[in-house]
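K.L.:
Before I ask anything, let me first share the structure, which is written out below as structure tokens.
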Amino acid sequence: MSLPEGLLETLKNYLDYTWGDAGSDEKLAGILSRGIAYIDRIAGEKLDYTKEEKPQELLFDYCRYVRDNALNEFKANYLHELIALQVDKGVERYGKPDV
């Protein structure tokens, strides 16, 4: 999966990574890719993670938890946010006319 332009650098800033090395970048890129796939699956559609909105917030928090080996805690702590995202996107799709 190709990451959106600048997303890795934005995540590194969010996580306070002030250094850069290929190993860390590769690891974070993998976490980002898995996080995007996970949150898109929950939402039922591909989301835009380049804007400072709820999808990016959830993705970066997902990445923070995975980096800290606490993915199960993310799922528990953000369950209400993930359900709200799923419902919001479902309502948006329901309101769109079939073309």
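Just remember, in the structure tokens the first chain shown is A, the second B, etc., residues are 1-based per chain, and ligands are 1-based in the order shown.
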Do you have, as JSON lines, the list of residues of segment 28-82 of chain A lying at most 8 Å from segment 5-11 of chain A, each with its nearest atom pair and that distance in Å to one decimal, counting only C-alpha atoms and ordered by chain then number?
P.N.:
{"residue": "A:Leu28", "atom": "CA", "partner": "A:Leu8", "partner_atom": "CA", "distance": 7.3}
{"residue": "A:Ala29", "atom": "CA", "partner": "A:Leu8", "partner_atom": "CA", "distance": 6.5}
{"residue": "A:Leu32", "atom": "CA", "partner": "A:Leu8", "partner_atom": "CA", "distance": 7.7}
{"residue": "A:Tyr49", "atom": "CA", "partner": "A:Leu7", "partner_atom": "CA", "distance": 7.7}
{"residue": "A:Thr50", "atom": "CA", "partner": "A:Leu7", "partner_atom": "CA", "distance": 6.6}
{"residue": "A:Phe60", "atom": "CA", "partner": "A:Leu11", "partner_atom": "CA", "distance": 6.4}
K.L.:
Residues of chain A classed as alpha helix (DSSP H) by DSSP on the backbone are to be reported as JSON, numbers by chain.
P.N.:
{"A": [7, 8, 9, 10, 11, 12, 13, 14, 22, 23, 24, 25, 26, 27, 28, 29, 30, 31, 32, 33, 34, 35, 36, 37, 38, 39, 40, 41, 42, 43, 54, 55, 56, 57, 58, 59, 60, 61, 62, 63, 64, 65, 66, 67, 71, 72, 73, 74, 75, 76, 77, 79, 80, 81, 82, 83, 84, 85, 86, 87, 88, 89, 90, 91, 92, 93, 94, 95]}
K.L.:
List the spatial neighbours of Tyr62 of chain A as a VMD selection string - criterion: any atom at most 7 Å away, only C-alpha atoms, same-chain residues fewer than 3 positions off excluded.
P.N.:
chain A and resid 35 58 to 59 65 to 66 74
K.L.:
Store the residues picked out above, limited to C-alpha atoms, as an mmCIF file, in the first residue's frame.
P.N.:
data_model
loop_
_atom_site.group_PDB
_atom_site.id
_atom_site.type_symbol
_atom_site.label_atom_id
_atom_site.label_comp_id
_atom_site.auth_asym_id
_atom_site.auth_seq_id
_atom_site.Cartn_x
_atom_site.Cartn_y
_atom_site.Cartn_z
ATOM 1 C CA GLY A 35 -3.913 1.167 10.635
ATOM 2 C CA LEU A 58 -7.838 7.765 15.118
ATOM 3 C CA LEU A 59 -5.085 6.549 12.805
ATOM 4 C CA TYR A 65 -0.829 2.230 20.694
ATOM 5 C CA VAL A 66 0.676 -0.301 18.259
ATOM 6 C CA PHE A 74 -6.620 0.915 21.669
#
K.L.:
I'd like to know which of A:Gln56, A:Lys46, A:Tyr38, A:Ser33 is closest to Lys75 of chain A, using only C-alpha atoms.
P.N.:
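Using only C-alpha atoms, the shortest distance to Lys75 of chain A belongs to A:Tyr38.
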K.L.:
Between atom CA of Gly90 of chain A and atom CA of Ile42 of chain A, what is the distance in Å, rounded to a tenth?
P.N.:
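Between atom CA of Gly90 of chain A and atom CA of Ile42 of chain A the gap works out to 10.3 Å.
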K.L.:
Got a sec: who's within 8 Å of Ala43 of chain A, counting only C-alpha atoms, leaving out chain neighbours fewer than 6 positions off, as a PyMOL selection string?
P.N.:
chain A and resi 82+85-87+89-90
K.L.:
Could you tell me which of A:Leu47, A:Arg93, A:Ile31, A:Lys54 comes closest to Leu71 of chain A if we count only C-alpha atoms?
P.N.:
A:Ile31
K.L.:
Between A:Trp19, A:Glu92, A:Lys12, A:Asp40, which residue has the minimum interatomic distance to Cys63 of chain A, considering only C-alpha atoms?
P.N.:
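Among A:Trp19, A:Glu92, A:Lys12, A:Asp40, it is A:Lys12 that comes nearest to Cys63 of chain A.
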K.L.:
Considering only C-alpha atoms, can you say which of A:Ile83, A:Leu15, A:Ala22, A:Leu3 comes closest to Arg41 of chain A?
P.N.:
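Using only C-alpha atoms, Arg41 of chain A sits closest to A:Ile83.
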K.L.:
When you count only C-alpha atoms, which of these residues is closest to Glu57 of chain A: A:Glu45, A:Asp16, A:Glu81, A:Glu73?
P.N.:
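Smallest distance to Glu57 of chain A is found for A:Glu81.
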